[in-house]
Each structure stands twice: as C-alpha cells, then as structure tokens.
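Heads up, query.cif below (mmCIF, C-alpha atoms):
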```cif
data_structure
#
loop_
_atom_site.label_atom_id
_atom_site.label_comp_id
_atom_site.auth_asym_id
_atom_site.auth_seq_id
_atom_site.Cartn_x
_atom_site.Cartn_y
_atom_site.Cartn_z
CA MET A 260 -11.30 -37.89 2.85
CA SER A 261 -9.86 -34.45 3.58
CA VAL A 262 -12.02 -31.38 3.10
CA ALA A 263 -10.67 -28.18 1.57
CA ARG A 264 -10.83 -25.29 4.03
CA PHE A 265 -10.45 -21.55 3.68
CA LYS A 266 -7.09 -20.02 4.53
CA ARG A 267 -6.52 -16.27 4.47
CA PHE A 268 -3.32 -15.25 2.70
CA ALA A 269 -0.58 -14.43 5.22
CA HIS A 270 -0.09 -10.98 3.69
CA VAL A 271 -3.76 -9.99 4.15
CA PHE A 272 -4.48 -8.26 7.48
CA PRO A 273 -7.81 -6.92 8.76
CA VAL A 274 -7.30 -3.87 11.00
CA LYS A 275 -10.20 -2.69 13.12
CA GLY A 276 -10.89 1.00 13.67
CA TYR A 277 -13.47 2.60 15.93
CA ASN A 278 -16.04 3.19 13.20
CA ARG A 279 -14.88 0.94 10.36
CA ALA A 280 -11.99 -1.31 9.36
CA ILE A 281 -9.40 -1.70 6.63
CA LEU A 282 -8.12 -4.85 4.97
CA TYR A 283 -4.41 -4.37 4.26
CA ASP A 284 -3.20 -6.45 1.29
CA LEU A 285 0.57 -6.20 1.65
CA GLY A 286 1.23 -8.43 -1.35
CA ARG A 287 -0.68 -6.18 -3.75
CA LYS A 288 0.12 -2.95 -1.87
CA ALA A 289 -3.60 -2.24 -1.70
CA HIS A 290 -6.24 -1.62 0.94
CA PHE A 291 -9.99 -2.10 1.16
CA ILE A 292 -12.29 -0.20 3.50
CA ILE A 293 -14.70 -2.65 5.14
CA PRO A 294 -17.23 -2.64 8.00
CA ASN A 295 -15.90 -3.86 11.34
CA SER A 296 -18.33 -6.78 11.15
CA PHE A 297 -16.47 -8.10 8.10
CA ILE A 298 -13.51 -8.89 10.36
CA GLY A 299 -15.71 -11.21 12.39
CA PHE A 300 -16.74 -12.95 9.17
CA LEU A 301 -13.10 -13.38 8.09
CA GLU A 302 -12.17 -14.82 11.47
CA PHE A 303 -15.13 -17.20 11.30
CA CYS A 304 -14.12 -18.41 7.81
CA GLU A 305 -10.60 -19.32 8.89
CA SER A 306 -10.18 -23.11 8.51
CA LYS A 307 -13.88 -23.57 7.67
CA SER A 308 -15.12 -25.60 4.70
CA LYS A 309 -17.12 -23.98 1.91
CA GLU A 310 -20.25 -25.75 3.13
CA GLU A 311 -19.76 -24.45 6.68
CA ILE A 312 -19.28 -20.91 5.39
CA GLU A 313 -22.35 -21.08 3.18
CA GLU A 314 -24.43 -22.21 6.17
CA SER A 315 -23.38 -19.06 8.04
CA LEU A 316 -24.75 -16.77 5.31
CA GLN A 317 -28.15 -15.12 5.29
CA PRO A 318 -30.99 -16.00 5.29
CA LYS A 319 -30.02 -19.12 7.27
CA GLY A 320 -27.02 -17.57 9.00
CA ILE A 321 -25.95 -14.18 10.33
CA TYR A 322 -23.50 -12.95 7.68
CA PRO A 323 -24.54 -11.17 4.44
CA LEU A 324 -23.97 -13.10 1.22
CA GLU A 325 -22.10 -10.04 -0.09
CA TYR A 326 -19.33 -10.67 2.46
CA PHE A 327 -18.57 -14.08 0.96
CA GLN A 328 -18.82 -12.77 -2.60
CA PHE A 329 -16.47 -9.88 -1.81
CA MET A 330 -13.97 -12.18 -0.10
CA MET A 331 -13.84 -14.53 -3.09
CA GLU A 332 -13.83 -11.77 -5.72
CA LYS A 333 -10.84 -10.01 -4.12
CA GLU A 334 -9.02 -13.31 -3.49
CA PHE A 335 -8.21 -12.71 0.17
CA GLY A 336 -7.54 -16.41 0.67
CA PHE A 337 -7.52 -19.86 -0.85
CA TRP A 338 -8.87 -23.36 -0.29
CA THR A 339 -6.53 -25.99 1.09
CA GLU A 340 -6.72 -29.38 2.78
CA THR A 341 -3.64 -28.51 4.85
CA PRO A 342 -4.23 -25.03 6.39
CA ASP A 343 -1.71 -25.69 9.17
CA PHE A 344 1.06 -25.86 6.57
CA PHE A 345 0.83 -22.09 6.03
CA PRO A 346 2.20 -20.15 9.03
CA PRO A 347 1.33 -16.49 9.73
CA LEU A 348 3.63 -13.67 8.70
CA ASN A 349 6.27 -12.76 11.29
CA LEU A 350 5.52 -9.22 12.51
CA ASP A 351 8.72 -8.75 14.53
CA TRP A 352 10.38 -5.65 13.08
CA GLN A 353 14.12 -5.79 12.48
CA SER A 354 16.51 -3.63 10.51
CA PRO A 355 20.24 -3.88 9.78
CA SER A 356 20.40 -0.07 9.89
CA HIS A 357 21.37 1.70 13.11
CA ILE A 358 19.75 4.80 11.56
CA THR A 359 17.18 4.26 8.84
CA ASN A 360 16.44 7.93 8.07
CA LEU A 361 18.89 10.83 8.26
CA ILE A 362 17.96 14.48 7.69
CA TRP A 363 20.91 16.82 7.22
CA ASP A 364 21.02 20.59 6.85
CA VAL A 365 23.91 20.70 4.42
CA GLU A 366 27.08 22.30 5.73
CA GLY A 367 30.10 21.92 3.44
CA GLU A 368 32.67 21.31 6.16
CA GLN A 369 30.64 18.37 7.50
CA LEU A 370 30.36 16.57 4.16
CA SER A 371 33.15 14.00 4.48
CA THR A 372 32.06 13.21 8.04
CA LEU A 373 28.46 12.68 6.95
CA VAL A 374 29.49 10.36 4.13
CA ASP A 375 31.28 8.20 6.72
CA TRP A 376 28.26 8.31 9.04
CA VAL A 377 25.92 7.13 6.30
CA LYS A 378 28.17 4.13 5.66
CA GLU A 379 28.89 3.29 9.31
CA LEU A 380 25.26 3.60 10.42
CA ASN A 381 23.98 1.88 7.26
CA VAL A 382 21.54 4.70 6.56
CA LYS A 383 18.89 3.76 3.99
CA ALA A 384 17.14 7.10 3.41
CA LEU A 385 18.85 10.50 3.36
CA HIS A 386 17.11 13.87 3.15
CA LEU A 387 19.43 16.76 2.25
CA ARG A 388 18.31 20.34 2.96
CA PHE A 389 20.26 23.08 1.21
CA SER A 390 20.23 26.80 2.01
CA GLU A 391 20.99 29.80 -0.20
CA GLY A 392 24.36 29.82 -1.94
CA ASN A 393 25.99 28.43 -5.06
CA LEU A 394 23.27 25.83 -5.42
CA ARG A 395 24.36 24.17 -8.67
CA SER A 396 27.87 23.59 -7.42
CA GLU A 397 26.81 22.54 -3.91
CA LEU A 398 24.13 20.17 -5.17
CA ARG A 399 26.46 18.41 -7.59
CA LYS A 400 29.34 18.11 -5.14
CA THR A 401 27.19 16.84 -2.29
CA ILE A 402 25.18 14.34 -4.31
CA GLN A 403 28.31 12.94 -5.96
CA ALA A 404 29.82 12.34 -2.52
CA PHE A 405 27.10 9.80 -1.71
CA GLU A 406 27.38 7.78 -4.94
CA GLY A 407 29.05 4.79 -3.27
CA SER A 408 26.88 4.80 -0.15
CA PRO A 409 24.39 2.11 1.00
CA LEU A 410 21.48 4.52 0.47
CA ARG A 411 18.25 3.28 -1.04
CA SER A 412 16.62 6.68 -1.26
CA LEU A 413 17.87 10.26 -1.48
CA GLU A 414 15.65 13.34 -1.23
CA VAL A 415 17.00 16.81 -1.92
CA ALA A 416 15.35 20.05 -0.75
CA PHE A 417 16.48 23.57 -1.63
CA PRO A 418 15.08 27.11 -1.94
CA PHE A 419 13.51 27.74 -5.34
CA SER A 420 15.98 29.18 -7.83
CA GLU A 421 15.75 29.93 -11.56
CA VAL A 422 19.24 28.47 -12.05
CA ILE A 423 17.99 25.00 -11.07
CA ASP A 424 16.16 23.69 -14.13
CA LEU A 425 14.90 20.28 -15.27
CA PRO A 426 17.91 19.41 -17.49
CA PHE A 427 20.26 20.03 -14.57
CA LEU A 428 18.17 17.88 -12.20
CA LYS A 429 17.94 15.08 -14.77
CA ASP A 430 21.71 15.21 -15.08
CA LEU A 431 22.07 14.80 -11.30
CA LEU A 432 19.59 11.93 -11.36
CA TYR A 433 21.62 10.21 -14.09
CA ASP A 434 24.72 10.42 -11.87
CA ASN A 435 22.87 9.10 -8.81
CA PRO A 436 19.65 7.16 -9.58
CA ARG A 437 19.00 6.76 -5.84
CA ILE A 438 17.48 10.24 -5.88
CA SER A 439 13.73 9.84 -5.45
CA MET A 440 12.73 13.51 -5.47
CA PHE A 441 13.87 17.11 -5.55
CA ILE A 442 11.85 19.66 -3.56
CA ALA A 443 12.02 23.40 -4.21
CA HIS A 444 10.39 25.33 -1.37
CA ASP A 445 9.31 28.99 -1.36
CA ALA A 446 8.45 28.61 -5.06
CA PRO A 447 6.17 31.10 -6.87
CA ALA A 448 3.63 28.32 -7.54
CA ASP A 449 2.92 24.71 -6.63
CA GLY A 450 3.75 22.08 -9.24
CA VAL A 451 5.15 18.64 -9.98
CA ASP A 452 7.40 17.53 -12.85
CA TYR A 453 8.43 13.96 -13.59
CA LEU A 454 12.10 13.33 -14.27
CA ASP A 455 11.79 9.95 -15.97
CA GLU A 456 9.39 8.03 -18.20
CA ARG A 457 8.32 5.69 -15.37
CA LYS A 458 7.27 8.71 -13.29
CA ALA A 459 9.28 7.31 -10.38
CA HIS A 460 11.33 10.47 -9.75
CA PHE A 461 9.83 13.87 -9.04
CA TYR A 462 10.64 17.56 -8.98
CA ILE A 463 8.20 19.19 -6.58
CA GLN A 464 7.79 22.95 -6.29
CA THR A 465 5.89 24.23 -3.29
CA ARG A 466 5.01 27.73 -2.15
CA SER A 467 5.39 26.59 1.45
CA PRO A 468 8.53 27.49 3.38
CA LEU A 469 10.81 24.77 4.67
CA PHE A 470 9.93 24.33 8.32
CA TYR A 471 8.91 21.58 10.68
CA ASP A 472 6.15 22.28 13.17
CA PRO A 473 5.71 19.57 15.83
CA ASN A 474 2.05 20.55 16.20
CA ARG A 475 1.16 20.81 12.52
CA CYS A 476 -0.31 17.54 11.27
CA LEU A 477 0.90 16.64 7.78
CA VAL A 478 -1.16 13.45 7.58
CA ASN A 479 -3.32 13.26 4.47
CA ARG A 480 -4.97 10.41 2.59
CA TYR A 481 -2.93 11.09 -0.56
CA SER A 482 0.35 10.25 1.18
CA PHE A 483 -0.79 6.87 2.53
CA GLN A 484 0.95 3.77 1.26
CA VAL A 485 0.40 0.10 1.95
CA ASP A 486 3.89 -1.27 2.41
CA SER A 487 5.01 -4.41 4.24
CA GLU A 488 8.03 -2.74 5.89
CA LEU A 489 5.94 0.18 7.14
CA PHE A 490 3.12 -2.11 8.29
CA ILE A 491 5.46 -4.33 10.30
CA GLU A 492 7.44 -1.41 11.76
CA ALA A 493 4.25 0.36 12.87
CA GLN A 494 3.13 -2.66 14.90
CA SER A 495 5.61 -1.81 17.66
CA HIS A 496 7.45 1.37 16.65
CA HIS A 497 6.78 4.99 15.73
CA SER A 498 6.77 5.04 11.93
CA TYR A 499 8.15 8.61 11.78
CA PHE A 500 10.59 8.97 14.69
CA ASN A 501 11.93 5.40 14.84
CA ARG A 502 15.68 5.34 14.10
CA LYS A 503 15.58 8.84 12.64
CA LEU A 504 18.37 11.38 13.10
CA TYR A 505 18.50 15.08 12.30
CA ILE A 506 21.73 17.13 12.08
CA ASN A 507 21.54 20.90 11.62
CA THR A 508 24.24 23.27 10.32
CA LYS A 509 25.66 23.64 13.85
CA GLY A 510 26.18 19.90 14.07
CA GLU A 511 23.47 19.50 16.73
CA LEU A 512 21.99 16.02 16.92
CA ARG A 513 18.24 15.65 17.37
CA ASN A 514 15.75 12.88 16.79
CA ALA A 515 13.98 14.94 14.07
CA PRO A 516 13.55 18.58 13.01
CA GLU A 517 10.32 18.70 15.05
CA CYS A 518 12.25 17.91 18.24
CA THR A 519 13.85 20.57 20.44
CA THR A 520 15.99 18.25 22.58
CA VAL A 521 19.66 18.20 21.55
CA PHE A 522 21.44 15.04 22.69
CA GLY A 523 24.87 15.60 21.17
CA ASN A 524 26.99 17.34 18.57
CA LEU A 525 28.54 15.99 15.41
CA ASN A 526 31.84 17.67 16.21
CA ASP A 527 32.16 15.82 19.53
CA ILE A 528 31.59 12.33 18.11
CA LYS A 529 34.62 10.28 17.09
CA ASN A 530 32.81 7.06 16.17
CA PRO A 531 29.35 7.37 14.57
CA LYS A 532 28.02 4.44 16.60
CA GLU A 533 28.62 6.45 19.78
CA ILE A 534 25.32 8.25 19.13
CA LEU A 535 23.44 5.01 19.80
CA THR A 536 24.32 5.26 23.50
CA LEU A 537 23.63 8.99 23.98
CA ALA A 538 20.90 9.88 26.45
CA GLY A 539 17.71 10.76 24.61
CA MET A 540 18.60 8.94 21.43
CA GLY A 541 15.77 6.62 20.42
CA SER A 542 13.42 7.79 23.19
CA LEU A 543 10.47 7.89 20.76
CA ASP A 544 11.33 4.76 18.78
CA GLN A 545 8.80 2.49 20.46
CA VAL A 546 5.91 4.92 20.76
CA ALA A 547 3.61 2.81 18.60
CA LYS A 548 0.17 3.97 17.55
CA SER A 549 -1.31 1.18 19.66
CA LYS A 550 -0.09 3.17 22.70
CA THR A 551 -1.32 6.55 21.47
CA ASP A 552 -4.75 8.14 22.01
CA ILE A 553 -6.92 8.51 18.89
CA CYS A 554 -4.33 6.76 16.68
CA LYS A 555 -5.06 3.40 18.31
CA ASP A 556 -8.70 3.76 17.24
CA CYS A 557 -7.82 4.64 13.63
CA GLU A 558 -8.05 2.12 10.80
CA PHE A 559 -5.25 3.91 8.89
CA ARG A 560 -2.71 3.50 11.71
CA TYR A 561 -0.44 1.05 9.87
CA MET A 562 -0.09 3.08 6.67
CA CYS A 563 0.22 6.49 8.31
CA VAL A 564 3.48 8.39 8.96
CA ASP A 565 2.65 11.12 11.49
CA ASN A 566 5.17 13.87 12.23
CA ARG A 567 3.38 15.26 15.31
CA LEU A 568 5.47 15.02 18.47
CA PRO A 569 3.82 12.54 20.90
CA LYS A 570 3.64 13.48 24.58
CA ASP A 571 4.05 11.05 27.45
CA ARG A 572 1.23 10.76 29.98
CA GLY A 573 3.00 7.96 31.83
CA ASN A 574 2.35 4.23 32.06
CA GLN A 575 3.15 3.80 28.36
CA GLN A 576 0.26 6.09 27.38
CA TRP A 577 0.81 8.82 24.81
CA TYR A 578 -1.23 11.64 23.29
CA HIS A 579 -0.90 14.57 20.88
CA SER A 580 -1.52 18.19 21.77
CA SER A 581 -2.89 18.95 18.30
CA PRO A 582 -5.54 17.05 16.33
CA CYS A 583 -5.05 14.90 13.25
CA ASN A 584 -6.64 15.84 9.94
CA TYR A 585 -8.78 12.69 10.18
CA ASN A 586 -11.40 11.89 12.80
CA PRO A 587 -11.66 8.08 13.13
CA TYR A 588 -14.76 8.30 15.34
CA ILE A 589 -16.88 9.58 12.45
CA SER A 590 -14.67 8.44 9.51
CA LYS A 591 -14.29 11.95 8.11
CA TRP A 592 -11.36 14.09 6.88
CA ASN A 593 -11.31 17.76 7.79
CA ASP A 594 -11.90 18.77 4.16
CA GLU A 595 -15.02 16.59 3.78
CA PRO A 596 -18.65 17.64 4.26
CA GLY A 597 -19.95 16.63 7.67
CA PHE A 598 -16.56 16.74 9.39
CA LEU A 599 -16.60 17.39 13.13
CA SER A 600 -13.60 18.02 15.33
CA LEU A 601 -12.73 15.84 18.31
CA GLU A 602 -13.92 18.65 20.54
CA GLU A 603 -17.30 18.71 18.78
CA CYS A 604 -17.50 14.93 19.25
CA GLU A 605 -16.65 15.40 22.95
CA VAL A 606 -13.50 13.29 22.66
CA LYS A 607 -10.87 14.53 25.12
CA SER A 608 -7.19 13.60 25.06
CA ASN A 609 -4.62 15.44 27.15
CA GLY A 610 -2.10 15.03 29.95
CA GLN A 611 -4.84 14.17 32.44
CA GLY A 612 -6.29 11.30 30.44
CA PHE A 613 -8.62 10.21 27.66
CA SER A 614 -12.41 10.24 27.61
CA MET A 615 -15.23 9.96 25.11
CA ASP A 616 -19.01 9.72 25.07
CA GLU A 617 -19.84 6.65 22.96
CA ASP A 618 -23.57 7.40 22.95
CA LYS A 619 -22.85 10.90 21.65
CA ILE A 620 -20.60 9.53 18.89
CA SER A 621 -23.17 6.90 17.93
CA ALA A 622 -25.83 9.59 17.55
CA LEU A 623 -23.46 11.76 15.50
CA ASN A 624 -22.65 8.89 13.15
CA GLN A 625 -26.31 8.17 12.58
CA ARG A 626 -26.93 11.81 11.75
CA ILE A 627 -23.87 12.19 9.50
CA TRP A 628 -24.18 8.98 7.54
CA GLN A 629 -27.94 8.99 7.15
CA LYS A 630 -27.53 12.26 5.27
CA ALA A 631 -24.69 10.88 3.10
#
```
For this file, produce the structure as structure tokens.
Amino acid sequence: MSVARFKRFAHVFPVKGYNRAILYDLGRKAHFIIPNSFIGFLEFCESKSKEEIEESLQPKGIYPLEYFQFMMEKEFGFWTETPDFFPPLNLDWQSPSHITNLIWDVEGEQLSTLVDWVKELNVKALHLRFSEGNLRSELRKTIQAFEGSPLRSLEVAFPFSEVIDLPFLKDLLYDNPRISMFIAHDAPADGVDYLDERKAHFYIQTRSPLFYDPNRCLVNRYSFQVDSELFIEAQSHHSYFNRKLYINTKGELRNAPECTTVFGNLNDIKNPKEILTLAGMGSLDQVAKSKTDICKDCEFRYMCVDNRLPKDRGNQQWYHSSPCNYNPYISKWNDEPGFLSLEECEVKSNGQGFSMDEDKISALNQRIWQKA
C-alpha cells in the first residue's frame, strides 16, 4: 500500500540569506520571512510521510513543532502518493524580446524611428521622459504613436506643470490603457493620485529632480515584488540592466541612464537589430546577484531591482562602490533602529576583494536582536 508523502509546491522557493531566509510563493505573489533553519526542515520533509515528519519534531526530534504547523497552515505543499509525478519549475530564463525595457528621452524627430524600434525589438516596457515644452501636445502625440505597439507597460515622466491635470491624464489613459503610471518630477510636493477605480494606474508627483545616479541606491522594501518572471530572470541575469536600452535626445545608445559608456547612435543604425551586435551592448546582462558581493548573501535578492552600477573585480566577481539601504548581515534597513553600516560591521567589498569577520557579526546580531 502506497504512503502519502509531502511534496512542496513547485512555485514555492526557500531562499537562504546570511542571517535569515525568505520563502518565495510565486503562485500567490507573497513572501514569508523565516529562519535559515526552516529551510533544512523543508528539505527534510520532501518526500517524507506524515509519520516520518512527526518523528522529527521536538521533543523526540530536532525540529520545532511550530515549523510543521506553519508549513501546513500556509499550504506550502501537499500530500501525494506519487511525488515523482510533479517536476520542479524550470528556472531557465527566456524572453522573446530583444530589448525588454527601453528608456527614451523624447525627441520629436526620433519618434517614427522609435516606434519602429519598439516593434522590431519587441519591447515590452517603455519609459518616456519628456522635457520642457508644449507638454500637452507632445504627450498626446507621442503616446498615440505607440497605440499599436507590442508594449505591455508604458511609463511617462515629465516636469511638473499646472497644465497637466488629472482629467487630461485620464483621457490619455483611455486612449492607451497600457500606461501604468505618470510621473511629474520637480513638483512642489510629493503625492499620489489613482487614475482608475482598481487603483492600477498612478499619477505620482515627486519633489525630486529627474536624474539617475549610478551610486545612489534606490532599493527599498516598499518597491519589492514577488513575481515569477523577475524571480526566474534574477537567477542568472541582472534584474535591472538585463536587456535594457537607454536613448537620450542626441540619439546616444547606452545600457541605462546610470551608464556612461556610449556604444552607438540611433542615427547611425539602419536596422534596429544591429544594436544587438554592438560592442558593449549586453555587457551587464548576466551579472546576477549570485556573482555580486553582499547581494549574494541577501534574502531579498530575487525580488530586488537594483540600479547601482556593478563593478567587475575579475573572475566573474562583482561588487558595488556604494552600499545598499539594507544590511543582510544584521537584517536591518538604514531607517530602522539598530542599523549598522557595512563598515561598522567590518564587512569590506572593493576592487581588491571581499572580507568579513563572522565572529564580529555574530556578536553584533546577539546585541541587536536581544534588545529588540
């Protein structure tokens, strides 16, 4: 007689960090912060019967009863007599798009060319950045030009102006429902307005200027999302720079606004797919977080989109010259009580190498979390 055994759902992934772990539930687009030891329990439970699992629980076994209760309450798996019938999720990232994300500083004379590029390169996400001028006319004309494109998402950024009001933006959204958000920078105050009843489309006003600093970390816990496409892409690719293209008003081609290297010019390209062979194009695509100092020790690494420019140390080892807003060695954000910088934790990451004092970090964690 066959015995029912535990099988973790294929879309549930435990990801170990230095100090703690996260369980990514791709099916429910949710995540659960767990101790690293819970991963060992999950791995033990795989293909075990209920009786075998119960024998592993305290006081007879080594695992806390709460682990089993949590696992069953959150439905991370199921019981089956045929666990081998359920293969793991394929984590090989593929995309039909030659460029997935395109950022364009809008220049009127380039419009027809850009519309063709979006179609030829099968761009899925387009970010338009407008400068001063006849904004109402330019916004309408440009957005209408992309109505028949393969875009899934369209973001529009422009300098704050009193002539751009909510009725006008809702009218643009009605014409092109692909628009996910409008962003007005250099605004007198920060604010967010919803453009539809489902609250799926936004008008964001920010006092910040429109600029991209390769050393300024924009990572924050409020922007994280658990998404299957992002999770799979981040396994082997850089989730920000991978298949991204930036074109400024001069037609210069760069990987992203944070990058200084120019590898071509729009005006010199006859066929959009020529850019795929240009030297420098895609050089950061495969800089995964698993190859990058600090990031590879972070439990958030597969839901994080980090705009900092990675630097090559050689031998497929990468680092950042500026710190993240989160320290994975003590599980603290820089706006939380008890936060310590990497320097204060004696974690060093630079062109010469990476080093850390594990005893020092262990003592710091005991001090920080005993107070919490």
- Task: Find the residues around Lys607 (chain A) up to 10 Å (all atoms listed in the file counted), leave out those fewer than 5 positions away in its own chain, and share them as a list in words.
- Result: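 Listed by chain and then number, they are Asp552, Ile553, Leu601, Glu602, Gly612, Phe613, Ser614, Met615 and Asp616 of chain A.
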- Message: Selection in question (the file shown): the PyMOL selection byres ((chain A and resi 598) around 12). Which residues does it include, as a ChimeraX atom specification?
- Response: /A:584-597,599-604,623-624,626-628,631
Can I get the selected residues back with C-alpha atoms, as a compact mmCIF listing (two decimals), in the frame of the given file?
```
# COMPACT_ATOMS: atom_id res chain seq x y z
CA ASN A 584 -6.64 15.84 9.94
CA TYR A 585 -8.78 12.69 10.18
CA ASN A 586 -11.40 11.89 12.80
CA PRO A 587 -11.66 8.08 13.13
CA TYR A 588 -14.76 8.30 15.34
CA ILE A 589 -16.88 9.58 12.45
CA SER A 590 -14.67 8.44 9.51
CA LYS A 591 -14.29 11.95 8.11
CA TRP A 592 -11.36 14.09 6.88
CA ASN A 593 -11.31 17.76 7.79
CA ASP A 594 -11.90 18.77 4.16
CA GLU A 595 -15.02 16.59 3.78
CA PRO A 596 -18.65 17.64 4.26
CA GLY A 597 -19.95 16.63 7.67
CA LEU A 599 -16.60 17.39 13.13
CA SER A 600 -13.60 18.02 15.33
CA LEU A 601 -12.73 15.84 18.31
CA GLU A 602 -13.92 18.65 20.54
CA GLU A 603 -17.30 18.71 18.78
CA CYS A 604 -17.50 14.93 19.25
CA LEU A 623 -23.46 11.76 15.50
CA ASN A 624 -22.65 8.89 13.15
CA ARG A 626 -26.93 11.81 11.75
CA ILE A 627 -23.87 12.19 9.50
CA TRP A 628 -24.18 8.98 7.54
CA ALA A 631 -24.69 10.88 3.10
```
- Query: What do you get, as a PyMOL selection string, if you spell out every residue that the PyMOL selection byres ((chain A and resi 280-289) around 7) selects here?
  - Reply: chain A and resi 270-276+279+290-295+485-487+558
- Message: With distances taken over only C-alpha atoms, which residue among A:Phe417, A:Phe500, A:Phe427, A:Phe559 lies nearest Phe483 (chain A)?
- Response: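 Result for the nearest residue to Phe483 (chain A): A:Phe559.
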- Task: Please write the residues picked by the PyMOL selection byres ((chain A and resi 580-582) around 9) on this file as a list in words.
- Result: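 Applying the expression gives Pro473, Asn474, Arg475, Cys476, Arg567, Leu568, Pro569, Lys570, Tyr578, His579, Cys583, Asn584, Tyr585, Asn586, Ser600, Leu601, Ser608, Asn609 and Gly610 of chain A.
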- Item | Neighbour residues at most 9 Å from (-13.6, -27.7, 5.6) (all atoms listed in the file) as a list in words |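 Protein, DNA and RNA residues close to (-13.6, -27.7, 5.6): Ser261, Val262, Ala263, Arg264, Phe265, Ser306, Lys307, Ser308, Lys309, Glu310, Glu311, Ile312, Trp338, Thr339 and Glu340 of chain A.
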- Item | Contacts of Thr401 (chain A) at 10 Å (only C-alpha atoms; same-chain gap of 5+ positions) as a list in words |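 With the cut-off at 10 Å, the set is Val365, Glu366, Gly367, Leu370, Ser371, Val374, Leu387, Phe389, Ser396 and Glu406 of chain A.
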